[in-house]
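Peer 1: structure30.cif is the file, holding mmCIF, C-alpha atoms:
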```cif
data_my_file
#
loop_
_atom_site.label_atom_id
_atom_site.label_comp_id
_atom_site.auth_asym_id
_atom_site.auth_seq_id
_atom_site.Cartn_x
_atom_site.Cartn_y
_atom_site.Cartn_z
CA MET A 1 136.70 51.43 30.32
CA PHE A 2 140.07 52.96 31.22
CA ARG A 3 138.42 55.72 33.25
CA TYR A 4 136.91 53.16 35.60
CA ILE A 5 139.83 50.77 35.85
CA ALA A 6 142.61 53.31 36.35
CA PRO A 7 141.24 54.82 39.59
CA LEU A 8 140.45 51.34 40.84
CA ILE A 9 144.03 50.22 40.31
CA ALA A 10 145.28 53.38 42.01
CA VAL A 11 143.06 52.83 45.05
CA VAL A 12 144.00 49.16 45.32
CA LEU A 13 147.70 50.13 45.16
CA LEU A 14 147.25 52.73 47.88
CA ILE A 15 145.41 50.27 50.10
CA GLY A 16 148.18 47.78 49.46
CA PHE A 17 150.83 50.24 50.67
CA LEU A 18 148.67 51.10 53.67
CA VAL A 19 148.31 47.43 54.64
CA ILE A 20 152.06 46.86 54.29
CA GLY A 21 152.74 49.96 56.37
CA LEU A 22 150.33 48.99 59.12
CA THR A 23 151.29 45.34 59.40
CA ARG A 24 155.03 45.81 59.12
CA GLY A 25 155.37 45.38 62.87
CA ASP A 26 157.37 47.68 65.08
CA PRO A 27 158.32 50.71 62.99
CA ARG A 28 161.20 51.38 65.39
CA ALA A 29 162.78 48.03 64.67
CA LEU A 30 165.46 48.73 62.09
CA PRO A 31 167.19 46.05 60.08
CA SER A 32 170.81 45.76 61.11
CA PRO A 33 173.29 46.38 58.29
CA PHE A 34 175.60 43.81 59.92
CA ILE A 35 173.56 40.69 59.18
CA GLY A 36 175.75 38.36 57.14
CA LYS A 37 178.78 40.57 57.65
CA PRO A 38 181.74 40.24 59.99
CA ALA A 39 181.01 41.46 63.50
CA PRO A 40 182.71 44.77 64.29
CA GLN A 41 186.12 44.39 65.93
CA PHE A 42 186.32 45.54 69.52
CA GLU A 43 188.49 45.38 72.58
CA LEU A 44 187.37 46.71 75.94
CA PRO A 45 188.19 46.27 79.61
CA THR A 46 186.01 43.72 81.35
CA LEU A 47 183.39 44.87 83.78
CA LYS A 48 184.84 42.91 86.68
CA ASP A 49 188.50 43.74 86.16
CA PRO A 50 189.57 46.93 84.32
CA GLU A 51 193.04 45.42 83.88
CA VAL A 52 191.73 42.53 81.78
CA THR A 53 190.45 43.14 78.25
CA ILE A 54 187.91 41.24 76.26
CA GLY A 55 187.24 41.50 72.55
CA SER A 56 186.70 39.91 69.18
CA LYS A 57 189.45 37.35 69.77
CA ASP A 58 187.43 35.88 72.65
CA LEU A 59 184.42 35.32 70.41
CA ALA A 60 186.33 33.45 67.72
CA GLY A 61 185.88 29.77 67.02
CA LYS A 62 182.37 29.19 68.38
CA PHE A 63 178.82 30.46 68.23
CA SER A 64 178.35 33.22 70.75
CA LEU A 65 175.59 35.51 71.89
CA VAL A 66 176.57 39.14 72.36
CA ASN A 67 174.11 40.90 74.62
CA VAL A 68 174.11 44.69 75.02
CA TRP A 69 172.79 45.65 78.43
CA ALA A 70 172.71 48.40 81.03
CA THR A 71 171.31 48.87 84.50
CA TRP A 72 169.15 51.80 83.36
CA CYS A 73 167.42 49.59 80.83
CA ALA A 74 164.08 48.11 81.88
CA GLY A 75 164.02 45.58 79.05
CA CYS A 76 167.33 44.20 80.31
CA ARG A 77 165.73 43.35 83.63
CA ALA A 78 162.89 41.65 81.76
CA GLU A 79 165.22 39.37 79.78
CA HIS A 80 167.62 38.65 82.61
CA GLY A 81 165.79 35.55 83.79
CA PHE A 82 165.92 34.02 80.33
CA LEU A 83 169.61 34.82 79.96
CA LEU A 84 170.28 33.02 83.25
CA ASP A 85 168.33 29.98 82.00
CA LEU A 86 170.24 30.02 78.72
CA ALA A 87 173.57 30.26 80.52
CA ALA A 88 172.60 27.37 82.80
CA GLN A 89 171.86 25.23 79.73
CA GLY A 90 175.44 25.84 78.64
CA SER A 91 174.65 25.55 74.92
CA ILE A 92 176.12 28.93 73.96
CA PRO A 93 178.48 31.34 75.69
CA ILE A 94 176.92 34.75 76.39
CA TYR A 95 179.14 37.81 76.23
CA GLY A 96 177.82 41.05 77.62
CA ILE A 97 178.53 44.57 76.49
CA ASN A 98 177.69 46.80 79.40
CA TRP A 99 176.73 49.94 77.51
CA ARG A 100 176.86 53.51 78.79
CA ASP A 101 176.64 52.44 82.41
CA THR A 102 178.64 52.92 85.58
CA ARG A 103 180.80 50.14 86.93
CA PRO A 104 179.49 50.07 90.54
CA LYS A 105 175.86 49.90 89.39
CA ALA A 106 176.57 47.19 86.84
CA LEU A 107 178.53 45.09 89.34
CA GLN A 108 175.75 45.45 91.87
CA TRP A 109 173.18 44.35 89.24
CA ILE A 110 175.16 41.19 88.51
CA ALA A 111 175.67 40.47 92.20
CA GLN A 112 171.96 40.85 92.92
CA LEU A 113 170.33 39.31 89.86
CA GLY A 114 172.93 36.74 88.88
CA ASP A 115 175.56 36.71 86.14
CA PRO A 116 174.70 34.90 82.90
CA TYR A 117 177.79 36.23 81.12
CA VAL A 118 181.08 34.50 80.44
CA ALA A 119 182.32 38.06 80.72
CA SER A 120 180.97 41.54 80.16
CA ALA A 121 182.86 44.25 78.33
CA TYR A 122 182.61 47.68 79.88
CA ASP A 123 181.71 50.28 77.24
CA GLU A 124 181.52 53.42 79.30
CA THR A 125 181.63 55.94 76.45
CA GLY A 126 179.42 54.07 73.99
CA ARG A 127 182.17 53.90 71.33
CA VAL A 128 181.83 50.16 70.81
CA GLY A 129 178.04 50.46 70.97
CA ILE A 130 178.17 52.80 67.98
CA ASP A 131 180.53 50.45 66.12
CA TRP A 132 177.93 47.71 66.59
CA GLY A 133 175.09 49.99 65.47
CA VAL A 134 173.41 49.79 68.87
CA TYR A 135 170.62 52.29 69.37
CA GLY A 136 168.70 50.92 72.32
CA ALA A 137 169.41 48.30 74.93
CA PRO A 138 168.78 45.43 75.15
CA GLU A 139 170.09 44.21 71.82
CA SER A 140 171.40 40.71 71.19
CA PHE A 141 173.64 39.53 68.36
CA LEU A 142 174.21 35.95 67.28
CA VAL A 143 177.79 35.64 66.05
CA SER A 144 179.01 32.56 64.19
CA ALA A 145 182.28 30.73 64.75
CA ASP A 146 183.95 32.66 61.95
CA GLY A 147 182.81 35.96 63.41
CA VAL A 148 179.82 36.72 61.17
CA VAL A 149 176.68 38.34 62.60
CA LEU A 150 173.83 35.94 61.84
CA HIS A 151 170.99 37.63 63.64
CA LYS A 152 170.17 40.68 65.70
CA HIS A 153 167.35 40.75 68.21
CA LEU A 154 165.96 44.07 69.41
CA GLY A 155 164.39 44.34 72.83
CA PRO A 156 164.15 41.75 75.58
CA LEU A 157 165.13 38.24 74.59
CA SER A 158 162.65 35.48 75.35
CA ARG A 159 162.44 31.72 74.97
CA GLU A 160 160.03 32.13 72.03
CA ALA A 161 162.36 34.49 70.20
CA TRP A 162 165.31 32.22 70.96
CA GLU A 163 163.63 29.10 69.62
CA GLN A 164 162.16 30.86 66.60
CA ASP A 165 165.01 33.09 65.44
CA PHE A 166 168.26 31.85 66.98
CA LEU A 167 168.11 28.07 67.27
CA PRO A 168 167.44 27.34 63.57
CA LEU A 169 170.46 29.46 62.61
CA ILE A 170 172.67 27.68 65.13
CA GLU A 171 171.48 24.26 63.98
CA ALA A 172 171.99 25.16 60.31
CA GLY A 173 175.47 26.44 61.08
CA GLY A 174 176.39 23.41 63.16
CA ALA A 175 175.33 21.01 60.42
CA SER A 176 177.33 22.69 57.66
CA ARG A 177 180.52 22.73 59.70
CA MET B 1 145.04 90.40 67.88
CA LYS B 2 148.13 92.44 68.66
CA ARG B 3 148.85 90.26 71.68
CA TRP B 4 148.65 87.15 69.55
CA LEU B 5 151.05 88.66 67.09
CA ILE B 6 153.55 89.47 69.82
CA MET B 7 153.29 85.93 71.19
CA LEU B 8 153.76 84.47 67.72
CA VAL B 9 156.85 86.54 67.06
CA ALA B 10 158.23 85.64 70.48
CA ALA B 11 157.63 81.93 69.87
CA LEU B 12 159.27 82.03 66.44
CA SER B 13 162.31 83.90 67.64
CA VAL B 14 163.30 81.20 70.12
CA SER B 15 165.93 78.95 68.60
CA PRO B 16 165.39 75.33 69.57
CA VAL B 17 169.03 74.59 68.84
CA ALA B 18 170.18 76.75 71.69
CA ALA B 19 169.11 74.08 74.16
CA ILE B 20 171.76 71.54 73.12
CA ASP B 21 175.51 71.77 72.69
CA THR B 22 175.53 75.50 73.09
CA GLY B 23 179.27 75.73 72.71
CA LYS B 24 180.79 75.75 69.28
CA ALA B 25 182.36 72.49 68.21
CA PHE B 26 185.00 74.08 66.01
CA ASP B 27 186.67 77.49 65.88
CA ASP B 28 187.07 77.22 62.15
CA PRO B 29 183.75 78.44 60.70
CA GLU B 30 184.09 76.12 57.72
CA LEU B 31 184.40 73.02 59.91
CA GLN B 32 181.60 74.28 62.14
CA ALA B 33 179.33 74.68 59.10
CA ARG B 34 180.12 71.14 57.95
CA TYR B 35 179.48 69.82 61.44
CA GLU B 36 176.12 71.57 61.74
CA LYS B 37 175.02 70.40 58.31
CA LEU B 38 175.98 66.79 59.06
CA ILE B 39 174.28 66.59 62.44
CA SER B 40 171.08 68.12 61.07
CA GLU B 41 170.92 65.39 58.43
CA VAL B 42 171.43 62.40 60.69
CA ARG B 43 168.41 60.79 62.27
CA CYS B 44 168.42 60.13 65.98
CA LEU B 45 167.77 56.38 65.98
CA LYS B 46 166.48 56.38 69.53
CA CYS B 47 164.12 59.29 69.10
CA GLN B 48 163.06 58.87 65.50
CA ASN B 49 161.74 61.95 63.72
CA GLN B 50 164.39 64.10 65.35
CA SER B 51 167.82 64.78 63.98
CA ILE B 52 170.80 64.26 66.25
CA LYS B 53 171.15 68.03 66.21
CA ASP B 54 167.76 68.45 67.89
CA SER B 55 167.94 65.61 70.37
CA ASN B 56 169.65 65.48 73.72
CA VAL B 57 169.33 61.72 74.18
CA PHE B 58 172.76 60.31 75.01
CA LEU B 59 172.92 58.31 71.80
CA ALA B 60 172.54 61.55 69.83
CA ALA B 61 175.23 63.14 71.96
CA ASP B 62 177.50 60.14 71.32
CA LEU B 63 176.93 60.39 67.58
CA ARG B 64 177.64 64.12 67.63
CA ARG B 65 180.86 63.37 69.49
CA GLU B 66 181.84 60.77 66.87
CA ILE B 67 181.11 63.20 64.02
CA ARG B 68 183.18 65.89 65.74
CA ARG B 69 186.02 63.40 66.12
CA LEU B 70 185.83 62.32 62.47
CA ILE B 71 185.81 65.91 61.23
CA ALA B 72 188.76 66.73 63.46
CA GLU B 73 190.58 63.71 62.03
CA GLY B 74 190.15 65.25 58.58
CA LYS B 75 187.57 62.81 57.22
CA THR B 76 185.42 63.99 54.31
CA ASP B 77 181.65 64.29 54.55
CA ALA B 78 181.25 61.23 52.33
CA GLU B 79 183.50 59.18 54.63
CA ILE B 80 181.52 60.29 57.68
CA VAL B 81 178.22 59.40 56.03
CA ASP B 82 179.72 56.01 55.14
CA PHE B 83 180.74 55.53 58.75
CA LEU B 84 177.15 56.06 59.86
CA VAL B 85 175.53 53.97 57.12
CA THR B 86 177.75 50.92 57.72
CA ARG B 87 176.68 50.97 61.37
CA TYR B 88 173.06 52.10 61.29
CA GLY B 89 171.97 51.63 57.70
CA GLU B 90 170.58 54.06 55.15
CA PHE B 91 167.73 54.85 57.53
CA ALA B 92 170.05 57.00 59.64
CA LEU B 93 170.17 59.62 56.89
CA TYR B 94 167.40 62.13 56.41
CA ARG B 95 168.56 62.63 52.84
CA PRO B 96 169.06 59.10 51.57
CA ARG B 97 171.84 58.75 49.02
CA THR B 98 170.89 57.86 45.48
CA SER B 99 171.54 54.16 45.18
CA GLY B 100 169.67 51.13 43.87
CA LYS B 101 167.89 50.66 47.17
CA THR B 102 166.71 54.25 47.59
CA LEU B 103 166.13 55.10 43.94
CA VAL B 104 162.39 54.62 44.31
CA LEU B 105 162.30 57.33 47.01
CA TRP B 106 163.88 59.78 44.61
CA ILE B 107 161.92 59.07 41.44
CA ALA B 108 158.49 58.22 42.88
CA PRO B 109 157.43 61.88 43.40
CA PHE B 110 158.28 62.79 39.81
CA LEU B 111 156.56 59.68 38.50
CA LEU B 112 153.45 60.50 40.50
CA VAL B 113 153.37 64.08 39.21
CA LEU B 114 153.74 62.79 35.65
CA LEU B 115 150.96 60.28 36.23
CA GLY B 116 148.69 62.96 37.68
CA GLY B 117 149.47 65.27 34.79
CA PHE B 118 148.62 62.56 32.32
CA ALA B 119 145.31 61.85 34.06
CA LEU B 120 144.48 65.57 34.10
CA TYR B 121 145.33 65.84 30.41
CA ARG B 122 142.99 62.95 29.60
CA VAL B 123 140.13 64.41 31.60
CA VAL B 124 140.54 67.91 30.15
CA ARG B 125 140.79 66.55 26.62
CA HIS B 126 137.66 64.53 27.16
CA ARG B 127 135.74 67.51 28.54
CA MET B 128 136.88 69.69 25.65
CA SER B 129 135.61 67.21 23.13
CA LEU B 130 132.08 67.41 24.56
CA PRO B 131 129.69 69.71 22.66
CA ILE B 132 129.47 72.95 24.62
CA ASP B 133 125.70 73.30 24.74
CA GLU B 134 125.24 69.75 25.91
CA ALA B 135 127.12 70.14 29.16
CA PRO B 136 124.52 72.03 31.26
CA SER B 137 121.66 69.81 30.12
CA GLU B 138 123.27 66.93 32.08
CA GLY B 139 121.48 68.18 35.18
CA GLY B 140 118.24 67.63 33.32
CA THR B 141 116.33 70.43 35.06
CA GLU B 142 115.59 72.52 31.98
#
```
Produce structure tokens that represent the structure in this file.
Peer 2:
Amino acid sequence: MFRYIAPLIAVVLLIGFLVIGLTRGDPRALPSPFIGKPAPQFELPTLKDPEVTIGSKDLAGKFSLVNVWATWCAGCRAEHGFLLDLAAQGSIPIYGINWRDTRPKALQWIAQLGDPYVASAYDETGRVGIDWGVYGAPESFLVSADGVVLHKHLGPLSREAWEQDFLPLIEAGGASR
Amino acid sequence: MKRWLIMLVAALSVSPVAAIDTGKAFDDPELQARYEKLISEVRCLKCQNQSIKDSNVFLAADLRREIRRLIAEGKTDAEIVDFLVTRYGEFALYRPRTSGKTLVLWIAPFLLVLLGGFALYRVVRHRMSLPIDEAPSEGGTE
């Protein structure tokens, strides 16, 4: 009996692993180690005015969306329309981290396509990007009022992703406060 | 045949590392060795399946710069690995550390070998217990 059942179990196990592996979704999407942990501290000059800095202190006390973007990033162009809609709604402040970009290009982008950001931090060297575990723009982080990362979205943000992944977290957080 | 051999030798003698960061990061050979070992064990998150030593994507260059900075600041290898794991997770390491989460990666191969050995043992034992002159008659041609 054992000689028939053992191989069967082995094959079923292998198929199980295969199915998990194939249906896991995007294999490039990595879980962020920051979920549920305090957002990394940062302070950077703003994109618009190098004399003014923006950082963790500006995020404190409210839900905020931190969006990592760059002009060389095609996905950022794709999500820009949604970010503008979201900003127009006024339900959550959006902070940008302009990552590994050049100031003139980034300013031109905002002038041409519109500016959904309360402010954008200018991370020319990518130092802050590394602190936030960024590995490909666009990436968006939902940060709670007490500075905890609740969710990280990889790739272009969309209304569907917003309603599915972000809104429930915001509503849950708002109710408990 | 000889031409193939020459081409093979030529292809193997090209060092792929020479393409990136040709200059030495440290004058001290000990620090340089640590640096090279670290960057060859860190995955390039943007170009998965390459280490940051082999990739010239800017994220890999940024991470190499950070590792250089940390080594220069006198951080230990363990502290540098911690720095990377807190930001990018265990996945950033090609040699995952032994911890609760990665234990299965470390013991699964040995378990599988044991399991295979056990199965082999059972089969061989079974075969040995068969009467010798009965085995060929299974074909039924005689």
Peer 1: Output as an MDAnalysis selection string the set of chain B residues within 7 Å of chain A, with distances taken over only C-alpha atoms.
Peer 2: chainID B and resid 45:46 59 62 86:89
Peer 1: Name the residues that the PyMOL selection byres ((chain A and resi 92) around 9) pulls out of this structure, and write them as number ranges by chain.
Peer 2: A: 62-65, 86-87, 89-91, 93-94
Peer 1: Residues picked by the PyMOL selection byres ((chain B and resi 92) around 8) here, as a PyMOL selection string?
Peer 2: chain B and resi 42-45+84-85+88-91+93-94
Peer 1: Using atom CA of A:Gly61 and atom CA of A:Gly173 as the two end points, give the distance in Å to one decimal.
Peer 2: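 Computed distance, atom CA of A:Gly61 to atom CA of A:Gly173, equals 12.4 Å.
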Peer 1: Would you write out, as JSON lines, a table of all residues in stretch 104-148 of chain A that have an atom no more than 12 Å from an atom of stretch 69-73 of chain A, listing for each the closest atom pair and the distance in Å to one decimal, considering only C-alpha atoms and ordering rows by chain and rising residue number?
Peer 2:
```
{"residue": "A:Pro104", "atom": "CA", "partner": "A:Thr71", "partner_atom": "CA", "distance": 10.2}
{"residue": "A:Lys105", "atom": "CA", "partner": "A:Thr71", "partner_atom": "CA", "distance": 6.8}
{"residue": "A:Ala106", "atom": "CA", "partner": "A:Thr71", "partner_atom": "CA", "distance": 6.0}
{"residue": "A:Leu107", "atom": "CA", "partner": "A:Thr71", "partner_atom": "CA", "distance": 9.5}
{"residue": "A:Gln108", "atom": "CA", "partner": "A:Thr71", "partner_atom": "CA", "distance": 9.3}
{"residue": "A:Trp109", "atom": "CA", "partner": "A:Thr71", "partner_atom": "CA", "distance": 6.8}
{"residue": "A:Ile110", "atom": "CA", "partner": "A:Thr71", "partner_atom": "CA", "distance": 9.5}
{"residue": "A:Gln112", "atom": "CA", "partner": "A:Thr71", "partner_atom": "CA", "distance": 11.6}
{"residue": "A:Leu113", "atom": "CA", "partner": "A:Thr71", "partner_atom": "CA", "distance": 11.0}
{"residue": "A:Pro116", "atom": "CA", "partner": "A:Trp69", "partner_atom": "CA", "distance": 11.8}
{"residue": "A:Tyr117", "atom": "CA", "partner": "A:Trp69", "partner_atom": "CA", "distance": 11.0}
{"residue": "A:Ser120", "atom": "CA", "partner": "A:Trp69", "partner_atom": "CA", "distance": 9.3}
{"residue": "A:Ala121", "atom": "CA", "partner": "A:Trp69", "partner_atom": "CA", "distance": 10.2}
{"residue": "A:Tyr122", "atom": "CA", "partner": "A:Ala70", "partner_atom": "CA", "distance": 10.0}
{"residue": "A:Asp123", "atom": "CA", "partner": "A:Ala70", "partner_atom": "CA", "distance": 9.9}
{"residue": "A:Glu124", "atom": "CA", "partner": "A:Ala70", "partner_atom": "CA", "distance": 10.3}
{"residue": "A:Gly126", "atom": "CA", "partner": "A:Ala70", "partner_atom": "CA", "distance": 11.3}
{"residue": "A:Gly129", "atom": "CA", "partner": "A:Trp69", "partner_atom": "CA", "distance": 10.3}
{"residue": "A:Val134", "atom": "CA", "partner": "A:Trp69", "partner_atom": "CA", "distance": 10.4}
{"residue": "A:Tyr135", "atom": "CA", "partner": "A:Trp69", "partner_atom": "CA", "distance": 11.4}
{"residue": "A:Gly136", "atom": "CA", "partner": "A:Cys73", "partner_atom": "CA", "distance": 8.7}
{"residue": "A:Ala137", "atom": "CA", "partner": "A:Trp69", "partner_atom": "CA", "distance": 5.5}
{"residue": "A:Pro138", "atom": "CA", "partner": "A:Trp69", "partner_atom": "CA", "distance": 5.2}
{"residue": "A:Glu139", "atom": "CA", "partner": "A:Trp69", "partner_atom": "CA", "distance": 7.3}
{"residue": "A:Ser140", "atom": "CA", "partner": "A:Trp69", "partner_atom": "CA", "distance": 8.9}
{"residue": "A:Phe141", "atom": "CA", "partner": "A:Trp69", "partner_atom": "CA", "distance": 11.8}
```
Peer 1: In terms of the shortest atom-to-atom distance over only C-alpha atoms, which of B:Gly116, B:Tyr35, B:Leu130, B:Val81 is closest to A:Ala10?
Peer 2: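 Ranked by minimum distance to A:Ala10, first place goes to B:Gly116.
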Peer 1: Calculated over only C-alpha atoms, which of the candidates A:Leu142, A:Leu13, A:Val149, A:Leu154 has the smallest distance to A:Phe166?
Peer 2: A:Leu142
Peer 1: Got a minute to add N, CA and C atoms to stretch 5-18 of chain A and dump it as a PDB file, keeping the file's coordinate frame?
Peer 2:
```
ATOM      1  N   ILE A   5     138.816  51.705  35.347  1.00  0.00           N
ATOM      2  CA  ILE A   5     139.830  50.770  35.850  1.00  0.00           C
ATOM      3  C   ILE A   5     141.022  51.496  36.467  1.00  0.00           C
ATOM      4  N   ALA A   6     141.428  52.612  35.849  1.00  0.00           N
ATOM      5  CA  ALA A   6     142.610  53.310  36.350  1.00  0.00           C
ATOM      6  C   ALA A   6     142.468  53.752  37.809  1.00  0.00           C
ATOM      7  N   PRO A   7     141.370  54.428  38.170  1.00  0.00           N
ATOM      8  CA  PRO A   7     141.240  54.820  39.590  1.00  0.00           C
ATOM      9  C   PRO A   7     141.178  53.598  40.511  1.00  0.00           C
ATOM     10  N   LEU A   8     140.563  52.545  40.030  1.00  0.00           N
ATOM     11  CA  LEU A   8     140.450  51.340  40.840  1.00  0.00           C
ATOM     12  C   LEU A   8     141.844  50.788  41.155  1.00  0.00           C
ATOM     13  N   ILE A   9     142.666  50.717  40.102  1.00  0.00           N
ATOM     14  CA  ILE A   9     144.030  50.220  40.310  1.00  0.00           C
ATOM     15  C   ILE A   9     144.772  51.119  41.292  1.00  0.00           C
ATOM     16  N   ALA A  10     144.595  52.438  41.132  1.00  0.00           N
ATOM     17  CA  ALA A  10     145.280  53.380  42.010  1.00  0.00           C
ATOM     18  C   ALA A  10     144.865  53.162  43.459  1.00  0.00           C
ATOM     19  N   VAL A  11     143.550  53.008  43.685  1.00  0.00           N
ATOM     20  CA  VAL A  11     143.060  52.830  45.050  1.00  0.00           C
ATOM     21  C   VAL A  11     143.572  51.522  45.644  1.00  0.00           C
ATOM     22  N   VAL A  12     143.524  50.454  44.829  1.00  0.00           N
ATOM     23  CA  VAL A  12     144.000  49.160  45.320  1.00  0.00           C
ATOM     24  C   VAL A  12     145.481  49.250  45.693  1.00  0.00           C
ATOM     25  N   LEU A  13     146.274  49.943  44.866  1.00  0.00           N
ATOM     26  CA  LEU A  13     147.700  50.130  45.160  1.00  0.00           C
ATOM     27  C   LEU A  13     147.886  50.859  46.480  1.00  0.00           C
ATOM     28  N   LEU A  14     147.123  51.948  46.647  1.00  0.00           N
ATOM     29  CA  LEU A  14     147.250  52.730  47.880  1.00  0.00           C
ATOM     30  C   LEU A  14     146.905  51.888  49.096  1.00  0.00           C
ATOM     31  N   ILE A  15     145.803  51.125  48.984  1.00  0.00           N
ATOM     32  CA  ILE A  15     145.410  50.270  50.100  1.00  0.00           C
ATOM     33  C   ILE A  15     146.491  49.244  50.382  1.00  0.00           C
ATOM     34  N   GLY A  16     147.086  48.735  49.291  1.00  0.00           N
ATOM     35  CA  GLY A  16     148.180  47.780  49.460  1.00  0.00           C
ATOM     36  C   GLY A  16     149.321  48.359  50.272  1.00  0.00           C
ATOM     37  N   PHE A  17     149.747  49.580  49.918  1.00  0.00           N
ATOM     38  CA  PHE A  17     150.830  50.240  50.670  1.00  0.00           C
ATOM     39  C   PHE A  17     150.426  50.450  52.126  1.00  0.00           C
ATOM     40  N   LEU A  18     149.162  50.850  52.319  1.00  0.00           N
ATOM     41  CA  LEU A  18     148.670  51.100  53.670  1.00  0.00           C
ATOM     42  C   LEU A  18     148.747  49.827  54.509  1.00  0.00           C
TER      43      LEU A  18
END
```
